[in-house]
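Inspection log for the structure reproduced underneath, given as structure tokens.
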Amino acid sequence: MAKVTFNDDLCKGCGLCVNACPRKILELEKVRLNAKGYHPAVCVKPEECVGCTFCAVQCPDSAITVER
């Protein structure tokens with residue numbers, strides 16, 4: 001099983017990773033803000049991650065790490 005982690009302090013909530021995910025398991029936080037005032041991305045169904053790395057490749061801030 002793959003593991004996706006986000007560096008909340010680097011995430012600016014652009015949503016590129018959310019759109020890139022083929023499994024549609026990523027979302028932007030609806031309530032919580034990071035230190036910069038953005039809604040960071042989060043994986044809502046980590047057990048469904050296949051480790052494709054599409055999210056990490058799309059992230060302009062290198063805020064996403066995918067481990068297989």
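Numbering starts fresh at 1 for the residues of each chain in the structure tokens, the chains themselves are lettered A, B, ... in the order given, and ligands are numbered from 1 as they appear.
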
Excluding Ala20 of chain A and any residue of its chain fewer than 4 positions from it, enumerate the residues within 10 Å of it, using only C-alpha atoms, and give them as an mmCIF file with C-alpha atoms, in the first residue's frame.
data_model
loop_
_atom_site.group_PDB
_atom_site.id
_atom_site.type_symbol
_atom_site.label_atom_id
_atom_site.label_comp_id
_atom_site.auth_asym_id
_atom_site.auth_seq_id
_atom_site.Cartn_x
_atom_site.Cartn_y
_atom_site.Cartn_z
ATOM 1 C CA GLY A 15 -5.882 22.178 -5.878
ATOM 2 C CA LEU A 16 -3.692 20.876 -8.703
ATOM 3 C CA LYS A 24 -10.274 11.179 -6.442
ATOM 4 C CA LEU A 26 -7.606 14.099 -2.283
ATOM 5 C CA THR A 53 2.602 10.050 -7.838
ATOM 6 C CA PHE A 54 0.424 12.168 -10.148
ATOM 7 C CA CYS A 55 -0.328 14.462 -7.209
ATOM 8 C CA ALA A 56 3.343 14.950 -6.307
ATOM 9 C CA VAL A 57 4.338 15.630 -9.917
ATOM 10 C CA GLN A 58 1.648 18.317 -10.259
ATOM 11 C CA CYS A 59 2.526 20.096 -6.989
#

Please provide as a PDB file with all heavy atoms, in the first residue's frame all residues within 10 Å of Gly37 of chain A, with the sequence filter that same-chain residues fewer than 3 positions apart are discarded (counting only C-alpha atoms).
ATOM      1  N   ASP A   9       2.737  23.230   5.683  1.00  0.00           N
ATOM      2  CA  ASP A   9       3.302  24.582   5.669  1.00  0.00           C
ATOM      3  C   ASP A   9       3.718  25.032   4.269  1.00  0.00           C
ATOM      4  O   ASP A   9       3.810  26.223   4.011  1.00  0.00           O
ATOM      5  CB  ASP A   9       4.487  24.668   6.620  1.00  0.00           C
ATOM      6  CG  ASP A   9       4.060  24.522   8.077  1.00  0.00           C
ATOM      7  OD1 ASP A   9       2.908  24.891   8.397  1.00  0.00           O
ATOM      8  OD2 ASP A   9       4.867  24.038   8.881  1.00  0.00           O
ATOM      9  N   CYS A  11       2.033  23.861   1.416  1.00  0.00           N
ATOM     10  CA  CYS A  11       0.844  23.816   0.561  1.00  0.00           C
ATOM     11  C   CYS A  11       0.141  25.166   0.516  1.00  0.00           C
ATOM     12  O   CYS A  11      -0.103  25.792   1.544  1.00  0.00           O
ATOM     13  CB  CYS A  11      -0.126  22.751   1.092  1.00  0.00           C
ATOM     14  SG  CYS A  11      -1.618  22.576   0.088  1.00  0.00           S
ATOM     15  N   LYS A  12      -0.172  25.613  -0.709  1.00  0.00           N
ATOM     16  CA  LYS A  12      -0.888  26.880  -0.864  1.00  0.00           C
ATOM     17  C   LYS A  12      -2.330  26.670  -1.328  1.00  0.00           C
ATOM     18  O   LYS A  12      -2.996  27.606  -1.739  1.00  0.00           O
ATOM     19  CB  LYS A  12      -0.151  27.809  -1.809  1.00  0.00           C
ATOM     20  CG  LYS A  12      -0.030  27.303  -3.231  1.00  0.00           C
ATOM     21  CD  LYS A  12       0.790  28.249  -4.068  1.00  0.00           C
ATOM     22  CE  LYS A  12       0.968  27.679  -5.454  1.00  0.00           C
ATOM     23  NZ  LYS A  12       2.115  28.234  -6.137  1.00  0.00           N
ATOM     24  N   GLY A  13      -2.789  25.435  -1.280  1.00  0.00           N
ATOM     25  CA  GLY A  13      -4.187  25.146  -1.572  1.00  0.00           C
ATOM     26  C   GLY A  13      -4.602  25.389  -3.008  1.00  0.00           C
ATOM     27  O   GLY A  13      -5.754  25.727  -3.262  1.00  0.00           O
ATOM     28  N   ARG A  32      -9.779  23.751   8.406  1.00  0.00           N
ATOM     29  CA  ARG A  32      -8.437  24.034   8.919  1.00  0.00           C
ATOM     30  C   ARG A  32      -7.602  24.844   7.924  1.00  0.00           C
ATOM     31  O   ARG A  32      -7.658  24.618   6.722  1.00  0.00           O
ATOM     32  CB  ARG A  32      -7.735  22.712   9.218  1.00  0.00           C
ATOM     33  CG  ARG A  32      -6.409  22.844   9.917  1.00  0.00           C
ATOM     34  CD  ARG A  32      -5.856  21.475  10.295  1.00  0.00           C
ATOM     35  NE  ARG A  32      -5.631  20.628   9.151  1.00  0.00           N
ATOM     36  CZ  ARG A  32      -4.500  20.596   8.457  1.00  0.00           C
ATOM     37  NH1 ARG A  32      -3.502  21.369   8.783  1.00  0.00           N
ATOM     38  NH2 ARG A  32      -4.381  19.776   7.426  1.00  0.00           N
ATOM     39  N   LEU A  33      -6.820  25.788   8.455  1.00  0.00           N
ATOM     40  CA  LEU A  33      -5.892  26.590   7.653  1.00  0.00           C
ATOM     41  C   LEU A  33      -4.468  26.283   8.093  1.00  0.00           C
ATOM     42  O   LEU A  33      -4.230  25.955   9.255  1.00  0.00           O
ATOM     43  CB  LEU A  33      -6.159  28.082   7.846  1.00  0.00           C
ATOM     44  CG  LEU A  33      -7.529  28.607   7.429  1.00  0.00           C
ATOM     45  CD1 LEU A  33      -7.663  30.066   7.820  1.00  0.00           C
ATOM     46  CD2 LEU A  33      -7.741  28.429   5.941  1.00  0.00           C
ATOM     47  N   ASN A  34      -3.519  26.421   7.149  1.00  0.00           N
ATOM     48  CA  ASN A  34      -2.119  26.246   7.526  1.00  0.00           C
ATOM     49  C   ASN A  34      -1.559  27.587   8.020  1.00  0.00           C
ATOM     50  O   ASN A  34      -2.284  28.576   8.139  1.00  0.00           O
ATOM     51  CB  ASN A  34      -1.303  25.662   6.364  1.00  0.00           C
ATOM     52  CG  ASN A  34      -1.209  26.573   5.159  1.00  0.00           C
ATOM     53  OD1 ASN A  34      -1.569  27.741   5.204  1.00  0.00           O
ATOM     54  ND2 ASN A  34      -0.715  26.041   4.064  1.00  0.00           N
ATOM     55  N   PRO A  40      -4.989  23.533   3.238  1.00  0.00           N
ATOM     56  CA  PRO A  40      -4.076  22.546   2.658  1.00  0.00           C
ATOM     57  C   PRO A  40      -4.800  21.309   2.138  1.00  0.00           C
ATOM     58  O   PRO A  40      -5.924  21.014   2.548  1.00  0.00           O
ATOM     59  CB  PRO A  40      -3.163  22.184   3.833  1.00  0.00           C
ATOM     60  CG  PRO A  40      -4.003  22.419   5.033  1.00  0.00           C
ATOM     61  CD  PRO A  40      -4.893  23.578   4.694  1.00  0.00           C
TER      62      PRO A  40
END

Next item on the list: Pick out the residues sitting within 8 Å of Phe6 of chain A, and hand them over as a count of residues only; count only C-alpha atoms, and ignore anything fewer than 5 positions along from it in its own chain.
Entry: 6

Next item on the list: Compare A:Ile25, A:Val18, A:Val66, A:Leu10 by their minimum atom-to-atom distance to Cys43 of chain A, counting only C-alpha atoms, and give me the closest one.
Entry: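 Closest to Cys43 of chain A of all the choices is A:Ile25.
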
Check: atom CA of Glu27 of chain A and atom CA of Glu48 of chain A are how many Å apart?
Finding: 13.7 Å

Item checked: DSSP strand (DSSP E or B) residues within chain A, as a ChimeraX atom specification -> /A:3-6,26-28,41-43,64-67

Check: Between atom CA of Pro46 of chain A and atom CA of Thr5 of chain A, what is the spacing in Å?
Finding: 9.5 Å

Check: What gap, in Å, lies between atom CA of Ser62 of chain A and atom CA of Arg23 of chain A?
Finding: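 Separation of atom CA of Ser62 of chain A and atom CA of Arg23 of chain A: 20.2 Å.
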
Chain A: which residues are helix (DSSP H, G or I) by DSSP, as a PDB file with C-alpha atoms, in the first residue's frame?
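Final output, out.pdb:
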ATOM      1  CA  LEU A  16      -3.692  20.876  -8.703  1.00  0.00           C
ATOM      2  CA  CYS A  17      -3.097  17.641  -6.805  1.00  0.00           C
ATOM      3  CA  VAL A  18      -6.823  17.213  -6.188  1.00  0.00           C
ATOM      4  CA  ASN A  19      -7.521  17.482  -9.913  1.00  0.00           C
ATOM      5  CA  ALA A  20      -4.606  15.194 -10.844  1.00  0.00           C
ATOM      6  CA  PRO A  46      -5.367   6.837   2.260  1.00  0.00           C
ATOM      7  CA  GLU A  47      -6.125   3.119   1.959  1.00  0.00           C
ATOM      8  CA  GLU A  48      -7.147   3.684  -1.685  1.00  0.00           C
ATOM      9  CA  PHE A  54       0.424  12.168 -10.148  1.00  0.00           C
ATOM     10  CA  CYS A  55      -0.328  14.462  -7.209  1.00  0.00           C
ATOM     11  CA  ALA A  56       3.343  14.950  -6.307  1.00  0.00           C
ATOM     12  CA  VAL A  57       4.338  15.630  -9.917  1.00  0.00           C
ATOM     13  CA  GLN A  58       1.648  18.317 -10.259  1.00  0.00           C
TER      14      GLN A  58
END

Check: Between A:Met1, A:Arg68, A:Pro60, A:Cys49, which one has atoms that come closest to Pro22 of chain A, using only C-alpha atoms?
Finding: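 The shortest atom-to-atom distance to Pro22 of chain A comes from A:Cys49.
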
Check: If we count only C-alpha atoms, what is near Glu67 of chain A at a cut-off of 7 Å, once residues fewer than 6 positions away on the same chain are taken out, given as a PyMOL selection string?
Finding: chain A and resi 2-4+51

Using C-alpha atoms, can you export the residues from the last selection as an mmCIF file, in the first residue's frame?
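And here's selection.cif as it stands now:
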data_model
loop_
_atom_site.group_PDB
_atom_site.id
_atom_site.type_symbol
_atom_site.label_atom_id
_atom_site.label_comp_id
_atom_site.auth_asym_id
_atom_site.auth_seq_id
_atom_site.Cartn_x
_atom_site.Cartn_y
_atom_site.Cartn_z
ATOM 1 C CA ALA A 2 1.241 3.488 -0.845
ATOM 2 C CA LYS A 3 1.448 6.373 1.593
ATOM 3 C CA VAL A 4 0.938 10.012 0.601
ATOM 4 C CA GLY A 51 1.138 5.397 -5.373
#
